[in-house]
>>> print(open('data_21.cif').read())   # mmCIF, C-alpha atoms and all ligand atoms
data_entry
loop_
_atom_site.group_PDB
_atom_site.id
_atom_site.type_symbol
_atom_site.label_atom_id
_atom_site.label_comp_id
_atom_site.auth_asym_id
_atom_site.auth_seq_id
_atom_site.Cartn_x
_atom_site.Cartn_y
_atom_site.Cartn_z
ATOM 1 C CA MET A 1408 -51.387 128.993 9.830
ATOM 2 C CA ALA A 1409 -52.086 132.681 10.501
ATOM 3 C CA PHE A 1410 -48.950 132.611 12.647
ATOM 4 C CA VAL A 1411 -46.869 131.272 9.764
ATOM 5 C CA GLN A 1412 -48.282 133.915 7.402
ATOM 6 C CA THR A 1413 -47.454 136.653 9.912
ATOM 7 C CA LEU A 1414 -43.945 135.235 10.348
ATOM 8 C CA ILE A 1415 -43.321 135.159 6.593
ATOM 9 C CA ASN A 1416 -44.778 138.647 6.105
ATOM 10 C CA SER A 1417 -42.768 140.193 8.900
ATOM 11 C CA LEU A 1418 -39.592 138.552 7.597
ATOM 12 C CA ALA A 1419 -40.397 140.006 4.185
ATOM 13 C CA VAL A 1420 -40.843 143.475 5.647
ATOM 14 C CA LYS A 1421 -37.644 143.093 7.686
ATOM 15 C CA GLY A 1422 -35.769 141.845 4.610
ATOM 16 C CA ARG A 1423 -36.835 144.922 2.719
ATOM 17 C CA LYS A 1424 -35.770 147.221 5.527
ATOM 18 C CA ILE A 1425 -32.383 145.516 5.801
ATOM 19 C CA LEU A 1426 -31.796 145.898 2.077
ATOM 20 C CA ARG A 1427 -32.799 149.546 2.220
ATOM 21 C CA PHE A 1428 -30.595 150.107 5.265
ATOM 22 C CA ALA A 1429 -27.677 148.509 3.428
ATOM 23 C CA GLY A 1430 -28.209 151.041 0.650
ATOM 24 C CA VAL A 1431 -29.394 148.442 -1.835
ATOM 25 C CA PRO A 1432 -31.637 150.067 -4.431
ATOM 26 C CA LEU A 1433 -34.873 148.148 -4.898
ATOM 27 C CA ASP A 1434 -36.394 148.553 -8.309
ATOM 28 C CA ILE A 1435 -39.354 146.426 -7.315
ATOM 29 C CA GLU A 1436 -41.691 148.277 -4.996
ATOM 30 C CA PRO A 1437 -43.490 146.557 -2.139
ATOM 31 C CA ASN A 1438 -47.126 145.645 -2.530
ATOM 32 C CA ALA A 1439 -50.107 147.303 -0.814
ATOM 33 C CA HIS A 1440 -49.181 145.514 2.460
ATOM 34 C CA ASP A 1441 -45.648 146.974 2.355
ATOM 35 C CA VAL A 1442 -44.264 143.532 1.552
ATOM 36 C CA LEU A 1443 -41.660 143.005 -1.119
ATOM 37 C CA VAL A 1444 -42.997 140.106 -3.174
ATOM 38 C CA PRO A 1445 -40.294 137.444 -3.469
ATOM 39 C CA ILE A 1446 -39.809 136.490 -7.098
ATOM 40 C CA CYS A 1447 -37.842 133.288 -7.582
ATOM 41 C CA HIS A 1448 -35.903 131.971 -10.538
ATOM 42 C CA LEU A 1449 -37.515 128.778 -11.734
ATOM 43 C CA HIS A 1450 -35.410 125.810 -12.758
ATOM 44 C CA PRO A 1451 -35.945 122.620 -14.778
ATOM 45 C CA TYR A 1452 -36.943 120.829 -11.545
ATOM 46 C CA ASN A 1453 -39.893 123.264 -11.308
ATOM 47 C CA LEU A 1454 -41.269 122.082 -14.684
ATOM 48 C CA PRO A 1455 -44.074 119.920 -13.198
ATOM 49 C CA ASP A 1456 -45.264 122.893 -11.115
ATOM 50 C CA ILE A 1457 -45.052 125.299 -14.066
ATOM 51 C CA GLN A 1458 -47.120 122.849 -16.099
ATOM 52 C CA LYS A 1459 -49.648 122.459 -13.276
ATOM 53 C CA HIS A 1460 -49.984 126.243 -13.037
ATOM 54 C CA LEU A 1461 -50.507 126.707 -16.786
ATOM 55 C CA LEU A 1462 -52.949 123.798 -17.029
ATOM 56 C CA SER A 1463 -54.971 125.424 -14.236
ATOM 57 C CA LEU A 1464 -55.692 128.433 -16.478
ATOM 58 C CA ASN A 1465 -59.172 128.375 -17.961
ATOM 59 C CA ALA A 1466 -59.850 128.612 -21.704
ATOM 60 C CA GLN A 1467 -60.103 132.417 -21.717
ATOM 61 C CA ASP A 1468 -56.861 132.849 -19.738
ATOM 62 C CA ARG A 1469 -55.039 130.427 -22.043
ATOM 63 C CA TYR A 1470 -56.278 132.469 -24.990
ATOM 64 C CA LEU A 1471 -55.016 135.673 -23.361
ATOM 65 C CA ARG A 1472 -51.676 134.132 -22.342
ATOM 66 C CA PHE A 1473 -50.760 132.397 -25.603
ATOM 67 C CA GLY A 1474 -52.828 134.344 -28.128
ATOM 68 C CA TYR A 1475 -54.754 131.178 -29.022
ATOM 69 C CA ALA A 1476 -56.914 128.723 -27.096
ATOM 70 C CA ALA A 1477 -54.023 126.426 -26.135
ATOM 71 C CA ASN A 1478 -55.108 122.883 -25.269
ATOM 72 C CA ASP A 1479 -53.385 120.705 -22.656
ATOM 73 C CA GLU A 1480 -51.104 119.145 -25.253
ATOM 74 C CA GLN A 1481 -49.950 122.515 -26.571
ATOM 75 C CA ILE A 1482 -49.290 123.747 -23.037
ATOM 76 C CA THR A 1483 -47.283 120.604 -22.287
ATOM 77 C CA HIS A 1484 -45.260 121.164 -25.451
ATOM 78 C CA TYR A 1485 -44.642 124.814 -24.489
ATOM 79 C CA VAL A 1486 -43.472 123.774 -21.021
ATOM 80 C CA GLN A 1487 -41.155 121.090 -22.390
ATOM 81 C CA SER A 1488 -39.600 123.547 -24.822
ATOM 82 C CA LEU A 1489 -38.730 126.151 -22.170
ATOM 83 C CA ASN A 1490 -35.081 127.074 -22.510
ATOM 84 C CA PHE A 1491 -33.703 127.676 -19.026
ATOM 85 C CA LYS A 1492 -30.188 128.432 -20.294
ATOM 86 C CA ARG A 1493 -31.215 131.213 -22.651
ATOM 87 C CA ASP A 1494 -34.338 132.589 -20.997
ATOM 88 C CA GLU A 1495 -35.398 133.720 -17.560
ATOM 89 C CA ILE A 1496 -38.371 132.020 -15.942
ATOM 90 C CA TYR A 1497 -39.701 133.565 -12.747
ATOM 91 C CA GLY A 1498 -42.249 132.360 -10.250
ATOM 92 C CA ILE A 1499 -44.126 133.553 -7.199
ATOM 93 C CA PHE A 1500 -44.904 130.913 -4.585
ATOM 94 C CA ASN A 1501 -47.467 130.851 -1.802
ATOM 95 C CA ARG A 1502 -46.545 129.667 1.693
ATOM 96 C CA ASP A 1503 -47.271 126.054 0.689
ATOM 97 C CA LEU A 1504 -44.758 126.494 -2.127
ATOM 98 C CA GLN A 1505 -47.387 126.254 -4.804
ATOM 99 C CA ILE A 1506 -46.821 128.451 -7.835
ATOM 100 C CA LEU A 1507 -49.169 131.439 -8.013
ATOM 101 C CA ALA A 1508 -47.639 133.162 -11.027
ATOM 102 C CA VAL A 1509 -45.121 132.446 -13.772
ATOM 103 C CA ALA A 1510 -43.336 134.872 -16.077
ATOM 104 C CA HIS A 1511 -41.201 134.021 -19.086
ATOM 105 C CA LEU A 1512 -38.640 136.457 -20.437
ATOM 106 C CA ALA A 1513 -37.337 135.047 -23.707
ATOM 107 C CA ILE A 1514 -33.978 136.464 -24.731
ATOM 108 C CA TYR A 1515 -33.100 136.739 -28.421
ATOM 109 C CA ASP A 1516 -29.549 137.335 -29.453
ATOM 110 C CA ASN A 1517 -29.667 138.569 -33.061
ATOM 111 C CA GLU A 1518 -26.027 138.157 -33.833
ATOM 112 C CA ASN A 1519 -24.819 137.872 -37.380
ATOM 113 C CA GLU A 1520 -21.552 138.703 -39.033
ATOM 114 C CA LYS A 1521 -22.687 141.902 -40.717
ATOM 115 C CA GLU A 1522 -24.777 143.454 -37.986
ATOM 116 C CA LEU A 1523 -23.857 144.512 -34.502
ATOM 117 C CA LYS A 1524 -24.915 142.153 -31.744
ATOM 118 C CA GLN A 1525 -28.425 143.119 -30.703
ATOM 119 C CA ILE A 1526 -30.306 141.565 -27.837
ATOM 120 C CA SER A 1527 -34.071 141.761 -27.521
ATOM 121 C CA ALA A 1528 -36.524 140.167 -25.127
ATOM 122 C CA GLU A 1529 -40.124 139.033 -25.103
ATOM 123 C CA PHE A 1530 -42.308 138.842 -22.015
ATOM 124 C CA GLY A 1531 -45.223 136.552 -21.182
ATOM 125 C CA VAL A 1532 -46.934 136.078 -17.834
ATOM 126 C CA SER A 1533 -49.809 134.374 -16.086
ATOM 127 C CA VAL A 1534 -51.179 134.767 -12.583
ATOM 128 C CA HIS A 1535 -53.456 132.188 -10.979
ATOM 129 C CA ALA A 1536 -57.053 133.449 -10.993
ATOM 130 C CA SER A 1537 -57.139 133.437 -7.174
ATOM 131 C CA ALA A 1538 -54.084 135.716 -6.931
ATOM 132 C CA ARG A 1539 -54.948 138.442 -9.430
ATOM 133 C CA GLY A 1540 -55.137 142.118 -8.608
ATOM 134 C CA ARG A 1541 -52.355 141.886 -6.001
ATOM 135 C CA GLY A 1542 -49.771 143.480 -8.275
ATOM 136 C CA TYR A 1543 -47.990 140.192 -9.115
ATOM 137 C CA GLY A 1544 -48.228 140.760 -12.872
ATOM 138 C CA HIS A 1545 -46.760 144.232 -12.490
ATOM 139 C CA GLN A 1546 -43.999 143.071 -10.152
ATOM 140 C CA LEU A 1547 -43.025 140.199 -12.441
ATOM 141 C CA PHE A 1548 -42.730 142.641 -15.307
ATOM 142 C CA LYS A 1549 -40.508 144.913 -13.210
ATOM 143 C CA ARG A 1550 -38.351 141.908 -12.298
ATOM 144 C CA ALA A 1551 -38.034 140.945 -15.968
ATOM 145 C CA LEU A 1552 -37.155 144.523 -16.883
ATOM 146 C CA MET A 1553 -34.419 144.526 -14.252
ATOM 147 C CA HIS A 1554 -32.882 141.459 -15.870
ATOM 148 C CA ALA A 1555 -33.338 142.788 -19.404
ATOM 149 C CA ARG A 1556 -31.348 145.892 -18.412
ATOM 150 C CA ASN A 1557 -28.535 143.810 -16.982
ATOM 151 C CA ALA A 1558 -28.563 141.469 -19.989
ATOM 152 C CA ASN A 1559 -28.129 144.473 -22.317
ATOM 153 C CA ALA A 1560 -31.414 143.872 -24.085
ATOM 154 C CA SER A 1561 -32.497 146.905 -26.078
ATOM 155 C CA THR A 1562 -36.249 146.171 -26.126
ATOM 156 C CA ILE A 1563 -38.928 144.076 -24.462
ATOM 157 C CA LEU A 1564 -41.874 143.039 -26.592
ATOM 158 C CA ILE A 1565 -45.254 141.941 -25.262
ATOM 159 C CA HIS A 1566 -47.834 140.384 -27.563
ATOM 160 C CA ALA A 1567 -51.214 140.946 -25.968
ATOM 161 C CA LEU A 1568 -54.783 140.792 -27.103
ATOM 162 C CA SER A 1569 -56.289 144.268 -27.335
ATOM 163 C CA GLU A 1570 -58.955 143.202 -24.822
ATOM 164 C CA ASN A 1571 -56.307 142.362 -22.207
ATOM 165 C CA ALA A 1572 -56.733 145.478 -20.054
ATOM 166 C CA PRO A 1573 -54.498 144.477 -17.095
ATOM 167 C CA MET A 1574 -51.593 143.395 -19.323
ATOM 168 C CA LEU A 1575 -51.767 146.547 -21.413
ATOM 169 C CA LYS A 1576 -51.951 148.612 -18.240
ATOM 170 C CA ILE A 1577 -48.759 146.981 -16.950
ATOM 171 C CA ALA A 1578 -47.003 147.687 -20.261
ATOM 172 C CA ARG A 1579 -48.278 151.271 -20.516
ATOM 173 C CA LYS A 1580 -47.300 152.022 -16.940
ATOM 174 C CA ALA A 1581 -43.747 150.870 -17.682
ATOM 175 C CA GLY A 1582 -43.575 153.327 -20.592
ATOM 176 C CA ALA A 1583 -44.106 150.906 -23.483
ATOM 177 C CA THR A 1584 -45.402 152.089 -26.841
ATOM 178 C CA LEU A 1585 -48.619 150.325 -27.762
ATOM 179 C CA GLU A 1586 -49.440 149.510 -31.354
ATOM 180 C CA ARG A 1587 -52.877 148.097 -31.949
ATOM 181 C CA ASP A 1588 -53.520 145.838 -34.911
ATOM 182 C CA GLY A 1589 -57.166 144.793 -34.644
ATOM 183 C CA SER A 1590 -57.639 142.210 -31.923
ATOM 184 C CA GLU A 1591 -53.920 142.198 -31.104
ATOM 185 C CA THR A 1592 -51.689 144.817 -29.568
ATOM 186 C CA GLN A 1593 -47.913 144.874 -29.512
ATOM 187 C CA ALA A 1594 -46.326 146.690 -26.627
ATOM 188 C CA LEU A 1595 -42.701 147.642 -27.131
ATOM 189 C CA LEU A 1596 -40.584 148.969 -24.314
ATOM 190 C CA LYS A 1597 -37.164 150.511 -24.894
ATOM 191 C CA VAL A 1598 -34.935 149.143 -22.164
ATOM 192 C CA PRO A 1599 -32.603 151.585 -20.407
ATOM 193 C CA LYS A 1600 -29.024 150.399 -20.065
ATOM 194 C CA GLY A 1601 -28.131 148.541 -16.892
ATOM 195 C CA ASN A 1602 -25.415 149.716 -14.528
ATOM 196 C CA LEU A 1603 -23.747 148.705 -11.290
ATOM 197 C CA ARG A 1604 -26.816 149.790 -9.353
ATOM 198 C CA THR A 1605 -29.170 147.553 -11.350
ATOM 199 C CA LEU A 1606 -26.694 144.657 -11.151
ATOM 200 C CA MET A 1607 -26.593 145.004 -7.361
ATOM 201 C CA ALA A 1608 -30.368 145.293 -7.196
ATOM 202 C CA GLU A 1609 -30.767 142.054 -9.176
ATOM 203 C CA LEU A 1610 -28.265 140.245 -7.011
ATOM 204 C CA PHE A 1611 -29.976 141.236 -3.778
ATOM 205 C CA THR A 1612 -33.472 140.695 -5.154
ATOM 206 C CA ASP A 1613 -32.500 137.104 -5.994
ATOM 207 C CA GLN A 1614 -30.883 136.574 -2.620
ATOM 208 C CA TYR A 1615 -33.965 137.888 -0.849
ATOM 209 C CA ALA A 1616 -36.251 135.593 -2.885
ATOM 210 C CA GLN A 1617 -34.014 132.596 -2.227
ATOM 211 C CA THR A 1618 -33.993 133.278 1.521
ATOM 212 C CA ASN A 1619 -37.763 133.697 1.588
ATOM 213 C CA TYR A 1620 -38.177 130.393 -0.293
ATOM 214 C CA SER A 1621 -35.868 128.596 2.140
ATOM 215 C CA ILE A 1622 -37.858 129.914 5.111
ATOM 216 C CA LYS A 1623 -41.114 128.697 3.567
ATOM 217 C CA GLU A 1624 -39.462 125.334 2.861
ATOM 218 C CA ASP A 1625 -38.286 125.060 6.492
ATOM 219 C CA VAL A 1626 -41.727 126.007 7.820
ATOM 220 C CA LYS A 1627 -43.342 123.435 5.515
ATOM 221 C CA ASN A 1628 -40.895 120.727 6.610
ATOM 222 C CA PHE A 1629 -41.462 121.669 10.234
ATOM 223 C CA TRP A 1630 -45.248 121.248 9.928
ATOM 224 C CA TYR A 1631 -44.749 117.977 8.061
ATOM 225 C CA PHE A 1632 -42.489 116.765 10.882
ATOM 226 C CA MET A 1633 -45.071 117.840 13.498
ATOM 227 C CA THR A 1634 -47.812 115.970 11.628
ATOM 228 C CA GLN A 1635 -45.649 112.839 11.557
ATOM 229 C CA VAL A 1636 -44.955 113.148 15.312
ATOM 230 C CA GLN A 1637 -48.677 113.596 15.939
ATOM 231 C CA GLU A 1638 -49.479 110.493 13.880
ATOM 232 C CA ILE A 1639 -46.848 108.435 15.740
ATOM 233 C CA ARG A 1640 -48.215 109.621 19.112
ATOM 234 C CA GLN A 1641 -51.742 108.697 18.060
ATOM 235 C CA GLY A 1642 -50.485 105.280 16.884
ATOM 236 C CA VAL A 1643 -48.690 104.663 20.193
ATOM 237 C CA ARG A 1644 -51.787 105.747 22.164
ATOM 238 C CA ALA A 1645 -54.028 103.449 20.104
ATOM 239 C CA GLY A 1646 -51.547 100.594 20.651
ATOM 240 C CA ARG A 1647 -51.610 101.178 24.431
ATOM 241 C CA HIS A 1648 -55.416 101.128 24.474
ATOM 242 C CA GLN A 1649 -55.468 97.875 22.529
ATOM 243 C CA SER A 1650 -52.937 96.161 24.796
ATOM 244 C CA ALA A 1651 -54.838 97.380 27.899
ATOM 245 C CA GLU A 1652 -58.115 95.840 26.669
HETATM 246 C C1 LIG A 1701 -52.613 139.852 -17.132
HETATM 247 C C2 LIG A 1701 -52.346 139.284 -15.744
HETATM 248 C C3 LIG A 1701 -50.988 138.598 -15.765
HETATM 249 C C4 LIG A 1701 -52.341 140.455 -14.746
HETATM 250 O O1 LIG A 1701 -51.942 139.955 -13.502
HETATM 251 P P1 LIG A 1701 -52.326 140.662 -12.119
HETATM 252 O O2 LIG A 1701 -51.381 140.181 -11.096
HETATM 253 O O3 LIG A 1701 -53.771 140.478 -11.829
HETATM 254 O O4 LIG A 1701 -52.058 142.197 -12.475
HETATM 255 P P2 LIG A 1701 -51.749 143.357 -11.449
HETATM 256 O O5 LIG A 1701 -52.424 143.066 -10.144
HETATM 257 O O6 LIG A 1701 -50.277 143.599 -11.440
HETATM 258 O O7 LIG A 1701 -52.522 144.571 -12.118
HETATM 259 C C5 LIG A 1701 -51.946 145.314 -13.170
HETATM 260 C C6 LIG A 1701 -52.794 146.522 -13.435
HETATM 261 O O8 LIG A 1701 -54.003 146.152 -14.117
HETATM 262 C C7 LIG A 1701 -55.128 146.598 -13.387
HETATM 263 N N1 LIG A 1701 -56.182 145.608 -13.555
HETATM 264 C C8 LIG A 1701 -56.277 144.407 -12.969
HETATM 265 N N2 LIG A 1701 -57.362 143.767 -13.438
HETATM 266 C C9 LIG A 1701 -57.957 144.599 -14.326
HETATM 267 C C10 LIG A 1701 -59.117 144.515 -15.142
HETATM 268 N N3 LIG A 1701 -59.863 143.415 -15.153
HETATM 269 N N4 LIG A 1701 -59.407 145.556 -15.947
HETATM 270 C C11 LIG A 1701 -58.626 146.655 -15.969
HETATM 271 N N5 LIG A 1701 -57.507 146.800 -15.224
HETATM 272 C C12 LIG A 1701 -57.184 145.777 -14.411
HETATM 273 C C13 LIG A 1701 -54.655 146.729 -11.958
HETATM 274 O O9 LIG A 1701 -55.443 147.641 -11.220
HETATM 275 C C14 LIG A 1701 -53.237 147.216 -12.157
HETATM 276 O O10 LIG A 1701 -53.219 148.597 -12.421
HETATM 277 P P3 LIG A 1701 -52.587 149.614 -11.359
HETATM 278 O O11 LIG A 1701 -51.131 149.207 -11.243
HETATM 279 O O12 LIG A 1701 -52.784 150.941 -11.984
HETATM 280 O O13 LIG A 1701 -53.338 149.391 -10.089
HETATM 281 C C15 LIG A 1701 -53.447 138.279 -15.301
HETATM 282 O O14 LIG A 1701 -54.691 138.898 -15.426
HETATM 283 C C16 LIG A 1701 -53.442 136.960 -16.051
HETATM 284 O O15 LIG A 1701 -52.745 136.024 -15.684
HETATM 285 N N6 LIG A 1701 -54.227 136.877 -17.155
HETATM 286 C C17 LIG A 1701 -54.277 135.666 -17.971
HETATM 287 C C18 LIG A 1701 -53.001 135.485 -18.788
HETATM 288 C C19 LIG A 1701 -52.620 136.747 -19.516
HETATM 289 O O16 LIG A 1701 -53.442 137.542 -19.947
HETATM 290 N N7 LIG A 1701 -51.295 136.948 -19.705
HETATM 291 C C20 LIG A 1701 -50.761 138.120 -20.356
HETATM 292 C C21 LIG A 1701 -50.421 137.853 -21.777
HETATM 293 S S1 LIG A 1701 -48.710 137.919 -22.011
#
>>> encode(input="data_21.cif", output="structure tokens")
Amino acid sequence: MAFVQTLINSLAVKGRKILRFAGVPLDIEPNAHDVLVPICHLHPYNLPDIQKHLLSLNAQDRYLRFGYAANDEQITHYVQSLNFKRDEIYGIFNRDLQILAVAHLAIYDNENEKELKQISAEFGVSVHASARGRGYGHQLFKRALMHARNANASTILIHALSENAPMLKIARKAGATLERDGSETQALLKVPKGNLRTLMAELFTDQYAQTNYSIKEDVKNFWYFMTQVQEIRQGVRAGRHQSAE
């Protein structure tokens, strides 16, 4: 398995170098291991995995993520109401294609006849307890910001509890204004306008994530195939022993 990890990591490093060589601007920096974390778009077929990830959060994390101690039923309802057409849902997968982190960028289009069309966004994120402190939360926010720029959103809002030090750090680092109201803090980030450069960056970031996912899928299928072959060989060997007795 160490071999597979090395293979995936080196492909990630190579992918980053190729993108840089091709002159593609990367708004998302690599992590401490110089690896660009692949952030995938999640789709309705990922709903069971999103639900599994959110249900794995403990009571305190659920409180921090949703602003209240969400029970299993409330989480299930939240998952079922995700709007994949309007919003962006991102995920980070491990090499076994299990979800380690999920981010939700809700897009609000405040269009009415009198006012000018104004788009705003709201960000929420959760990282599995075993994967915290690796910069995933920060990288998911950067990915969401990239999209918000290209979607012409003017602001991104984050509702966080005032005790949520890592989340507030992510928001502050991005330049958001923090407004504390007792136990809650609202972080508001003014989104710079997107341009051709950010559009290209988003396109290539997605392509890179998709390629990385496909490689992990192929590696997983390969190991599954090898396990099946091994089982068949063992079965044949056992059959030979039996017939020889
Ligand atoms: C908030 C959360 C998403 C952060 O995810 P993460 O991947 O661990 O965060 P990162 O590794 O990107 O760290 C972000 C910053 O917070 C800092 N940090 C991490 N844990 C910290 C802690 N316990 N106290 C203070 N700072 C902390 C990191 O050092 C980093 O700062 P840096 O960039 O200056 O080094 C994660 O803790 C989580 O899922 N919490 C439960 C759900 C939640 O709170 N969601 C947010 C509400 S919308």
>>> resolve_selection(input="data_21.cif", expression="the PyMOL selection byres (((not hetatm)) within 8 of (chain A and resi 1701))", output="ChimeraX atom specification")
/A:1464,1467-1474,1508,1530-1536,1538-1546,1565-1568,1571-1577,1580
>>> closest_residue(input="data_21.cif", among="A:Ala1645, A:Val1444, A:Ala1555, A:Ala1528", to="Leu1595 (chain A)", atoms="only C-alpha atoms")
A:Ala1528
>>> closest_residue(input="data_21.cif", among="A:Met1553, A:Glu1609, A:Gly1498, A:Asn1628", to="Pro1445 (chain A)", atoms="all atoms listed in the file")
A:Gly1498
>>> atom_distance(input="data_21.cif", atom1="CA of Ile1499 (chain A)", atom2="CA of Asp1516 (chain A)")
26.9 Å
>>> residues_around(input="data_21.cif", residues="Asp1613 (chain A)", least_positions_apart="2", cutoff="12 Å", atoms="all atoms listed in the file", output="list in words")
Leu1426, Leu1433, Ile1435, Leu1443, Val1444, Pro1445, Ile1446, Cys1447, His1448, Leu1449, Tyr1497, Gly1498, Arg1550, Met1553, His1554, Leu1606, Met1607, Ala1608, Glu1609, Leu1610, Phe1611, Tyr1615, Ala1616, Gln1617, Thr1618, Asn1619 and Tyr1620 of chain A
>>> residues_around(input="data_21.cif", residues="Phe1491 (chain A)", least_positions_apart="2", cutoff="7 Å", atoms="only C-alpha atoms", output="PyMOL selection string")
chain A and resi 1450-1451+1489+1493-1495
>>> atom_distance(input="data_21.cif", atom1="CA of Ala1594 (chain A)", atom2="CA of Asn1453 (chain A)")
28.7 Å
>>> atom_distance(input="data_21.cif", atom1="CA of Lys1524 (chain A)", atom2="CA of Thr1584 (chain A)")
23.3 Å
>>> resolve_selection(input="data_21.cif", expression="the PyMOL selection byres (((chain A and resi 1503) around 9) and not hetatm)", output="ChimeraX atom specification")
/A:1500-1502,1504-1506,1623-1624,1627
>>> residues_near_point(input="data_21.cif", point="(-33.5, 150.2, -21.1)", cutoff="12 Å", atoms="only C-alpha atoms", output="ChimeraX atom specification")
/A:1526-1528,1549,1551-1563,1581-1583,1595-1602,1605
